[in-house]
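Participant: Structure provided below as structure tokens; questions to follow.
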Amino acid sequence: MEQALAFALALTSQRDEPHLCHWWLSTLNASFQPKGILLGMLDVSGRQLACTGWVNGQAVELALVVDDFSHPLAHVLQRAEPCTWDSLHGGARIEHAEFRTLFSKLGQRCGLHALPLTDSSGKALAVLALLDNGATLTDWAQGAELTQLAQVFCNQLTLIRDLGRVRRDQSVLRDSLRQIKGEGERLRQHEKRLTEQLVGQSAVIRGLREQISQAGRHKLSVLIQGETGSGKEVVAQLVHQCSDRAAKPFVAINCAAIPENLIESELFGYQKGAFSGALTNKIGLVAQANGGTLFLDEVGDMPLAMQAKLLRVLETRSYRPLGAEQESHSDFRLIAATHQPLSRHVEEGHFRADLYHRLCQCLLLIAPLRERMDDLPVLCQHFLAHFAAQDDKPPVALHKAFLKQLQGYDFPGNVRELRNLLEVAYAHSRSGGEVKLDALPPELRDRVSARLPPALDDYNHIRDLRLAMQQYEASVIGARLRYFRGDRMQVAESLNIPKRTLDHKCQKLEVN
């Protein structure tokens, strides 16, 4: 009983497969004391046997191929039953060089007894080989002890493997749950960031937030179109922050603000001595954006020659700094933005069609503020709270009359103009009081208060409809020209008409 308890305790103490195999082999070696003992474990593929044990007291390791019948263990596995050879010299087929060398010093009378080790379903797990003289091997083969010990080993090995699978499954499950939890937390953070930085509750803003979230989950190039001041760079930064590149650089360049002869060196960099004045190497913005996002603002103003070079970089992600002999690689995601109608520029030949289609893999349109006036109260509250926080003061409210006045204004400068108006009004308001229209300087107050002449309800004064329409058009265009100080391109964009159409109307209506 004492020996049985000790055996059971030792058996159940083996918590992993290598320790179990070593303990069991040592137990057999001590109990039977054979001239040699080998335990060959089948690998996952079932094609290899990793054999360990002792021969003449020397530890051995041997790798055998299961279907290589130049060694006797292959026959045992094929037959799936125990086999006994009285002698290894002529009795068993040993053509395997390493196997033959291993047992060459055991003598002429040394034989081999091998039995397959299987699980409860009959699937082979390993093979056990004992080496000794023929009579001893026959006694072991006919006795029940070796077979029972083999079954104990197989049962314990199956249990350990099952527990291992359970642990692996649990580990995979825990990793999956952590991943799901982490993904959920990441999505909540993205949603919070989108709500805080893209203020508004209108349908168009909710839809834009969803589009930004989707754009963050793929790697396509993004083109953002919207009027001046509508928040294109804010949207670009949000796409970057909602992507898996959020921890990497966000590198921005305004294509309209850089002279044509400098934009290439800004994007690609240059080597020392590449041109007069290049005293040191300069790393370009494309290289700085490696792993992150490159934002090309006002891409519609990029020169045609530079457009061709940009297209090649987008296709290959390779570029060559000025003066360099070899190309470099940069893994960046491109986001471009413009207030110009690129499709019209493509038709007119001012923008490459192939580059336009490459940029427009994902198109985000930002609605002008005048088309989402439902968001105006929320935006006003957001900006005023931001100004108050900057000054470490309590939040202030916007006077209802001022809000109503703002709701009647079309905001050609969009959200940027609204912010500027509120910042000026806040700065000129009394601390703790409401922000009123009177706080604006006269030129800004007059701009917000300007109204087109109201039409009479019955329109009985109109005697010539065509003339009335022309007069109305002339008054609208004249007001916009005064607002934009004669810049016809900005007037055309604010009225959503081509510039050539505006030029034609100005000439026809005699508006200057």
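Order determines the names: the first chain of the structure tokens is A, the second B, and so forth; residues in each chain are numbered 1 upward, and ligands are numbered 1 upward as they are shown.
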Return as a tab-separated table the residues of segment 321-357 of chain A lying at most 12 Å from segment 269-292 of chain A, together with the closest atom-to-atom pair for each and the distance in Å to one decimal, counting only C-alpha atoms, with rows in chain order and ascending residue number.

Facilitator:
residue	atom	partner	partner_atom	distance
A:Pro321	CA	A:Tyr270	CA	4.6
A:Leu322	CA	A:Tyr270	CA	4.3
A:Gly323	CA	A:Ala274	CA	4.4
A:Ala324	CA	A:Gln271	CA	6.0
A:Glu325	CA	A:Gln271	CA	9.6
A:Gln326	CA	A:Gln271	CA	11.2
A:Glu327	CA	A:Ala287	CA	11.4
A:Ser328	CA	A:Ala287	CA	8.3
A:His329	CA	A:Ala287	CA	7.8
A:Ser330	CA	A:Asn290	CA	4.9
A:Asp331	CA	A:Asn290	CA	4.9
A:Phe332	CA	A:Asn290	CA	5.1
A:Arg333	CA	A:Gly292	CA	6.4
A:Leu334	CA	A:Gly292	CA	9.0
A:Ile335	CA	A:Gly292	CA	10.8

Participant: As a list of chain:residue names, please: every residue in segment 27-139 of chain A that DSSP puts in helix (DSSP H, G or I).

Facilitator: A:Thr27, A:Leu28, A:Asn29, A:Ala30, A:Ser31, A:Phe32, A:Pro72, A:Leu73, A:Ala74, A:His75, A:Val76, A:Leu77, A:Gln78, A:Arg79, A:Ala97, A:Glu98, A:Phe99, A:Arg100, A:Thr101, A:Leu102, A:Gly134, A:Ala135, A:Thr136, A:Leu137, A:Thr138, A:Asp139

Participant: Could you pull the residues within 7 Å of segment 34-48 of chain A, counting only C-alpha atoms, minus those fewer than 5 positions along the same chain, as a VMD selection string?

Facilitator: chain A and resid 29 53 to 56 64 to 66 125 to 132

Participant: Keeping only N, CA and C atoms, take the residues you just selected and write them out as a short mmCIF file (atom, residue, chain, number, x, y, z; two decimals), in the first residue's frame.

Facilitator:
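Output saved as selection13.cif:
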data_model
loop_
_atom_site.label_atom_id
_atom_site.label_comp_id
_atom_site.auth_asym_id
_atom_site.auth_seq_id
_atom_site.Cartn_x
_atom_site.Cartn_y
_atom_site.Cartn_z
N ASN A 29 12.94 2.21 -15.76
CA ASN A 29 14.35 1.85 -15.76
C ASN A 29 14.79 1.30 -14.40
N GLY A 53 16.21 8.16 -23.69
CA GLY A 53 16.35 7.02 -22.79
C GLY A 53 17.79 6.77 -22.42
N TRP A 54 18.09 5.50 -22.08
CA TRP A 54 19.43 5.10 -21.67
C TRP A 54 19.80 3.78 -22.32
N VAL A 55 21.02 3.65 -22.71
CA VAL A 55 21.57 2.39 -23.20
C VAL A 55 22.90 2.17 -22.51
N ASN A 56 23.02 1.03 -21.77
CA ASN A 56 24.22 0.76 -20.97
C ASN A 56 24.53 1.92 -20.01
N LEU A 64 13.74 9.67 -35.20
CA LEU A 64 13.42 8.65 -36.19
C LEU A 64 12.19 9.06 -36.99
N VAL A 65 12.15 8.64 -38.24
CA VAL A 65 11.00 8.88 -39.10
C VAL A 65 10.04 7.71 -38.96
N VAL A 66 8.77 7.98 -38.78
CA VAL A 66 7.78 6.94 -38.48
C VAL A 66 7.67 5.93 -39.62
N LEU A 125 0.24 7.37 -29.40
CA LEU A 125 0.86 8.51 -28.74
C LEU A 125 2.37 8.41 -28.76
N ALA A 126 2.90 7.17 -28.58
CA ALA A 126 4.34 6.95 -28.46
C ALA A 126 4.62 5.47 -28.64
N VAL A 127 5.88 5.14 -28.52
CA VAL A 127 6.29 3.75 -28.55
C VAL A 127 7.38 3.55 -27.50
N LEU A 128 7.29 2.43 -26.76
CA LEU A 128 8.27 2.11 -25.72
C LEU A 128 9.11 0.93 -26.19
N ALA A 129 10.43 1.03 -26.02
CA ALA A 129 11.34 -0.05 -26.41
C ALA A 129 12.22 -0.43 -25.23
N LEU A 130 12.26 -1.74 -24.90
CA LEU A 130 13.13 -2.27 -23.84
C LEU A 130 14.13 -3.22 -24.48
N LEU A 131 15.39 -3.14 -24.08
CA LEU A 131 16.45 -4.00 -24.63
C LEU A 131 17.04 -4.86 -23.52
N ASP A 132 17.08 -6.17 -23.79
CA ASP A 132 17.65 -7.11 -22.83
C ASP A 132 17.73 -8.47 -23.52
#

Participant: How many Å separate atom CA of Leu418 of chain A from atom CA of Leu369 of chain A?

Facilitator: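 Computing it gives 9.1 Å between the two atoms.
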
Participant: I'd like the contact shell of segment 485-501 of chain A - 10 Å cut-off, only C-alpha atoms, skipping same-chain residues fewer than 4 positions apart - returned as a PDB file with C-alpha atoms, in the first residue's frame.

Facilitator:
ATOM      1  CA  GLU A 227     -15.542  75.453 -47.977  1.00  0.00           C
ATOM      2  CA  THR A 228     -12.883  77.614 -46.380  1.00  0.00           C
ATOM      3  CA  HIS A 339     -12.048  73.892 -50.907  1.00  0.00           C
ATOM      4  CA  GLN A 340     -11.883  73.820 -54.703  1.00  0.00           C
ATOM      5  CA  PRO A 341     -14.156  71.755 -56.973  1.00  0.00           C
ATOM      6  CA  ARG A 344     -14.338  70.681 -62.364  1.00  0.00           C
ATOM      7  CA  PRO A 368     -21.079  74.563 -44.807  1.00  0.00           C
ATOM      8  CA  ASP A 410     -25.066  82.866 -43.888  1.00  0.00           C
ATOM      9  CA  PHE A 411     -21.458  82.616 -42.592  1.00  0.00           C
ATOM     10  CA  PRO A 412     -19.374  82.574 -45.776  1.00  0.00           C
ATOM     11  CA  GLY A 413     -16.358  81.912 -43.526  1.00  0.00           C
ATOM     12  CA  VAL A 476     -26.594  89.497 -53.920  1.00  0.00           C
ATOM     13  CA  ILE A 477     -23.436  89.485 -56.051  1.00  0.00           C
ATOM     14  CA  GLY A 478     -22.655  93.100 -55.155  1.00  0.00           C
ATOM     15  CA  ALA A 479     -22.931  92.340 -51.422  1.00  0.00           C
ATOM     16  CA  ARG A 480     -20.662  89.321 -51.751  1.00  0.00           C
ATOM     17  CA  LEU A 481     -18.092  91.275 -53.751  1.00  0.00           C
ATOM     18  CA  LYS A 505     -23.142  87.659 -64.636  1.00  0.00           C
ATOM     19  CA  CYS A 506     -20.973  90.564 -63.433  1.00  0.00           C
ATOM     20  CA  GLN A 507     -20.505  91.699 -67.028  1.00  0.00           C
ATOM     21  CA  ASN A 512     -18.184  95.696 -60.184  1.00  0.00           C
TER      22      ASN A 512
END

Participant: Rank nothing, just name the residue among A:Leu149, A:Leu157, A:Leu406, A:Val251 nearest to Leu20 of chain A, using only C-alpha atoms.

Facilitator: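 Smallest separation from Leu20 of chain A among the options: A:Leu157.
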